[in-house]
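Novice: Provided herewith: target-v9.tsv, TSV, C-alpha atoms.
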chain	number	residue	atom	x	y	z
A	1	MET	CA	48.71	45.99	40.40
A	2	GLN	CA	49.79	42.93	38.44
A	3	LEU	CA	50.08	42.79	34.67
A	4	GLY	CA	51.33	39.43	33.44
A	5	ASP	CA	54.28	38.55	35.62
A	6	GLN	CA	55.09	42.21	36.36
A	7	ILE	CA	53.94	43.88	39.59
A	8	TYR	CA	53.45	47.68	39.65
A	9	GLY	CA	52.99	49.88	42.69
A	10	PRO	CA	52.30	50.31	45.46
A	11	TYR	CA	49.61	52.89	44.71
A	12	ASP	CA	47.35	54.63	47.22
A	13	ALA	CA	43.54	54.63	46.97
A	14	ASP	CA	43.42	58.02	45.19
A	15	GLN	CA	45.91	56.84	42.57
A	16	MET	CA	43.93	53.65	42.00
A	17	LYS	CA	40.69	55.62	41.60
A	18	ALA	CA	42.46	57.85	39.06
A	19	PHE	CA	43.61	54.72	37.21
A	20	VAL	CA	39.96	53.55	37.07
A	21	ARG	CA	38.85	56.94	35.66
A	22	GLU	CA	41.64	56.77	33.06
A	23	GLY	CA	40.75	53.20	32.10
A	24	ARG	CA	44.11	51.88	33.26
A	25	VAL	CA	42.36	49.68	35.84
A	26	ILE	CA	39.27	47.79	34.72
A	27	SER	CA	37.11	45.24	36.52
A	28	GLY	CA	39.33	42.41	35.29
A	29	SER	CA	42.61	44.04	36.38
A	30	MET	CA	44.51	42.13	39.04
A	31	ILE	CA	45.11	44.29	42.13
A	32	SER	CA	46.11	43.75	45.76
A	33	LYS	CA	46.55	45.74	48.93
A	34	ASN	CA	49.31	43.30	49.87
A	35	PRO	CA	50.89	41.30	47.02
A	36	ASN	CA	52.12	38.70	49.52
A	37	GLN	CA	48.47	37.82	50.15
A	38	GLY	CA	47.64	37.40	46.46
A	39	PHE	CA	45.73	39.37	43.85
A	40	LEU	CA	42.02	39.76	43.12
A	41	ARG	CA	40.17	41.10	40.11
A	42	ALA	CA	39.50	44.80	40.72
A	43	GLY	CA	35.77	44.27	40.23
A	44	GLN	CA	35.76	41.99	43.29
A	45	THR	CA	37.22	44.61	45.64
A	46	GLU	CA	35.78	47.59	47.49
A	47	LEU	CA	38.42	49.84	45.91
A	48	PHE	CA	37.07	49.40	42.39
A	49	GLN	CA	34.15	51.74	41.87
A	50	PRO	CA	32.75	52.15	38.34
A	51	ILE	CA	32.59	55.74	37.18
A	52	GLY	CA	29.07	57.07	37.40
A	53	ASN	CA	26.01	54.95	38.06
A	54	VAL	CA	26.40	51.98	35.76
A	55	PRO	CA	22.95	50.60	34.96
A	56	SER	CA	22.17	47.13	36.18
A	57	PRO	CA	22.19	44.60	33.35
A	58	LEU	CA	18.81	43.40	34.66
A	59	LYS	CA	17.17	46.76	34.03
A	60	SER	CA	15.56	47.39	30.70
A	61	GLN	CA	17.76	49.67	28.59
A	62	PRO	CA	16.70	51.46	25.42
A	63	PHE	CA	18.56	49.83	22.54
A	64	ASP	CA	19.61	52.95	20.71
A	65	GLN	CA	21.33	55.56	22.85
A	66	SER	CA	22.52	57.54	19.87
A	67	SER	CA	23.30	61.18	19.72
A	68	THR	CA	24.51	63.84	17.36
A	69	VAL	CA	27.39	65.79	18.75
A	70	PRO	CA	28.38	69.32	17.75
A	71	LYS	CA	30.38	69.84	14.58
A	72	PRO	CA	33.94	68.76	15.31
A	73	ASN	CA	36.80	71.18	15.67
A	74	LEU	CA	39.03	70.33	12.70
A	75	SER	CA	42.22	70.93	14.66
A	76	PHE	CA	41.90	67.45	16.18
A	77	ARG	CA	40.63	64.01	15.26
A	78	VAL	CA	38.94	61.27	17.24
A	79	VAL	CA	40.42	57.84	16.64
A	80	MET	CA	38.93	54.53	17.70
A	81	VAL	CA	41.75	52.33	18.96
A	82	MET	CA	41.28	48.59	19.33
A	83	ALA	CA	44.25	46.76	20.80
A	84	GLU	CA	44.73	43.16	21.84
A	85	ILE	CA	47.92	43.16	23.86
A	86	SER	CA	49.09	39.65	24.63
A	87	SER	CA	52.68	40.59	25.41
A	88	ASP	CA	53.92	42.32	28.56
A	89	GLN	CA	53.64	45.75	26.89
A	90	ALA	CA	50.16	46.74	28.14
A	91	MET	CA	51.31	49.40	30.63
A	92	GLN	CA	53.72	50.88	28.06
A	93	PHE	CA	50.87	50.97	25.51
A	94	LEU	CA	48.60	52.78	28.00
A	95	HIS	CA	51.29	55.37	28.69
A	96	LEU	CA	51.77	55.94	24.95
A	97	ILE	CA	48.07	56.37	24.18
A	98	GLN	CA	47.74	58.91	27.01
A	99	ARG	CA	50.69	60.90	25.67
A	100	LEU	CA	48.94	61.27	22.29
A	101	GLY	CA	45.95	63.19	23.63
A	102	THR	CA	42.77	62.58	25.61
A	103	ALA	CA	41.97	58.88	25.77
A	104	GLN	CA	38.66	57.45	26.96
A	105	ARG	CA	38.52	53.71	27.49
A	106	ILE	CA	35.13	52.37	26.36
A	107	GLY	CA	35.85	48.64	26.62
A	108	ASP	CA	38.50	46.17	27.70
A	109	LYS	CA	40.33	46.57	24.39
A	110	VAL	CA	38.80	49.73	22.92
A	111	TRP	CA	39.59	53.43	23.43
A	112	LEU	CA	38.54	56.68	21.83
A	113	LEU	CA	41.49	59.01	21.42
A	114	LYS	CA	41.19	62.76	20.80
A	115	SER	CA	44.45	63.91	19.27
A	116	GLU	CA	46.00	66.41	16.89
A	117	VAL	CA	48.41	63.71	15.70
A	118	PRO	CA	47.76	62.37	12.15
A	119	LEU	CA	46.44	58.79	12.03
A	120	ALA	CA	49.61	57.37	10.45
A	121	ASP	CA	51.68	58.87	13.28
A	122	VAL	CA	49.25	57.52	15.92
A	123	GLN	CA	49.74	54.06	14.38
A	124	LYS	CA	53.52	54.42	14.31
A	125	HIS	CA	53.65	55.72	17.88
A	126	LEU	CA	51.35	53.09	19.40
A	127	SER	CA	52.79	50.14	17.48
A	128	SER	CA	56.30	51.03	18.67
A	129	SER	CA	55.50	49.34	22.00
A	130	LEU	CA	53.88	46.23	20.53
A	131	THR	CA	55.27	42.82	19.62
A	132	ARG	CA	54.24	40.12	17.14
A	133	LEU	CA	51.88	38.79	19.82
A	134	ASP	CA	49.85	42.02	19.83
A	135	ARG	CA	47.20	43.41	17.47
A	136	LEU	CA	46.22	47.02	16.78
A	137	PHE	CA	43.38	48.51	14.72
A	138	LEU	CA	42.74	52.25	14.30
A	139	SER	CA	39.85	54.06	12.70
A	140	GLU	CA	39.51	57.81	12.41
A	141	CYS	CA	35.99	58.86	13.38
A	142	SER	CA	35.10	61.63	10.97
A	143	GLU	CA	31.33	61.58	11.41
A	144	GLN	CA	29.53	63.20	14.30
A	145	ASN	CA	26.87	60.48	14.57
A	146	ILE	CA	27.61	58.01	17.32
A	147	ALA	CA	25.58	55.28	18.99
A	148	TRP	CA	26.15	52.97	21.93
A	149	TYR	CA	24.38	50.60	24.25
A	150	ASN	CA	24.86	49.99	27.98
A	151	LEU	CA	28.22	51.73	28.42
A	152	GLY	CA	27.30	53.46	31.67
A	153	ALA	CA	25.32	56.43	32.87
A	154	ASP	CA	27.84	59.19	32.15
A	155	MET	CA	29.82	57.54	29.34
A	156	GLY	CA	27.74	59.33	26.69
A	157	GLU	CA	28.73	62.71	28.06
A	158	ARG	CA	32.41	61.70	28.17
A	159	ILE	CA	32.24	60.38	24.61
A	160	LYS	CA	30.52	63.56	23.33
A	161	ALA	CA	33.17	65.65	25.09
A	162	LEU	CA	35.86	64.17	22.84
A	163	TRP	CA	34.31	65.98	19.86
A	164	THR	CA	34.04	69.35	21.60
A	165	ASP	CA	36.60	71.75	23.04
In structure tokens, write the structure found in this file.

Specialist:
Amino acid sequence: MQLGDQIYGPYDADQMKAFVREGRVISGSMISKNPNQGFLRAGQTELFQPIGNVPSPLKSQPFDQSSTVPKPNLSFRVVMVMAEISSDQAMQFLHLIQRLGTAQRIGDKVWLLKSEVPLADVQKHLSSSLTRLDRLFLSECSEQNIAWYNLGADMGERIKALWTD
């Protein structure tokens, strides 16, 4: 796996599939079975398999896939994390977000994080790996009403699971 000029690995197929599930490898991630032969975007390889049955963009999708989730357990919070990481700190950032709790990547630069850590401490912890080239935005999700469009077949269940035990 290549991130900027840094090469990570080697990783076996099971590890790479786990990285996809965790959101550490996305369709635009540069991966290779043999770095000497170059890198390809993960979405162009047989190894990259989206989680669940992602609907075809050509199929008609209902616009509002909203849901009300059960009342949240007040011992944790769900934080929306938006990060633009332009420096070489992306892998370090991913390790930090995973150490804070359960993280679900919902976009190239967006995660939902279920954590018991107060928001100010989440900000302090995550920003410790960032440079002046990077940007971070956090928002604590205190409402149970959520809505999304075209995130994937099982993403709704994974998102709802962040609000339940």

Novice: Using all atoms listed in the file, can you tell me which of A:Tyr149, A:Gln92, A:Met82, A:Gly156 comes closest to Leu136 (chain A)?

Specialist: A:Met82

Novice: Could you please determine the separation between CA of Val81 (chain A) and CA of Leu138 (chain A) in Å, to one decimal place?

Specialist: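 Taking CA of Val81 (chain A) and CA of Leu138 (chain A), their separation equals 4.8 Å.
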
Novice: Expressed in Å to a single decimal, how great is the separation between CA of Ser139 (chain A) and CA of Met80 (chain A)?

Specialist: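 CA of Ser139 (chain A) sits 5.1 Å away from CA of Met80 (chain A).
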
Novice: Between CA of Lys124 (chain A) and CA of Ile85 (chain A), what is the distance in Å, rounded to a tenth?

Specialist: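 Going from CA of Lys124 (chain A) over to CA of Ile85 (chain A), I get 15.8 Å.
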
Novice: Nearest to Ser128 (chain A): which of A:Gln89, A:Asn150, A:Ser115, A:Asn34 is it, counting only C-alpha atoms?

Specialist: A:Gln89

Novice: Applying 12 Å and all atoms listed in the file, which residues near Ala120 (chain A) remain after dropping the ones on its own chain fewer than 6 positions away? List them as an NGL selection string.

Specialist: :A and (79 or 126-127 or 137-140)

Novice: Find the residues around Ile26 (chain A) up to 8 Å (all atoms listed in the file counted), leave out those fewer than 6 positions away in its own chain, and share them as a list in words.

Specialist: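 Returned residues: Val20, Ala42, Gly43 and Asp108 of chain A.
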
Novice: Have a look at A:His125, A:Lys109, A:Lys33, A:Arg158 and name the one nearest to Ala90 (chain A); count all atoms listed in the file.

Specialist: A:Lys109
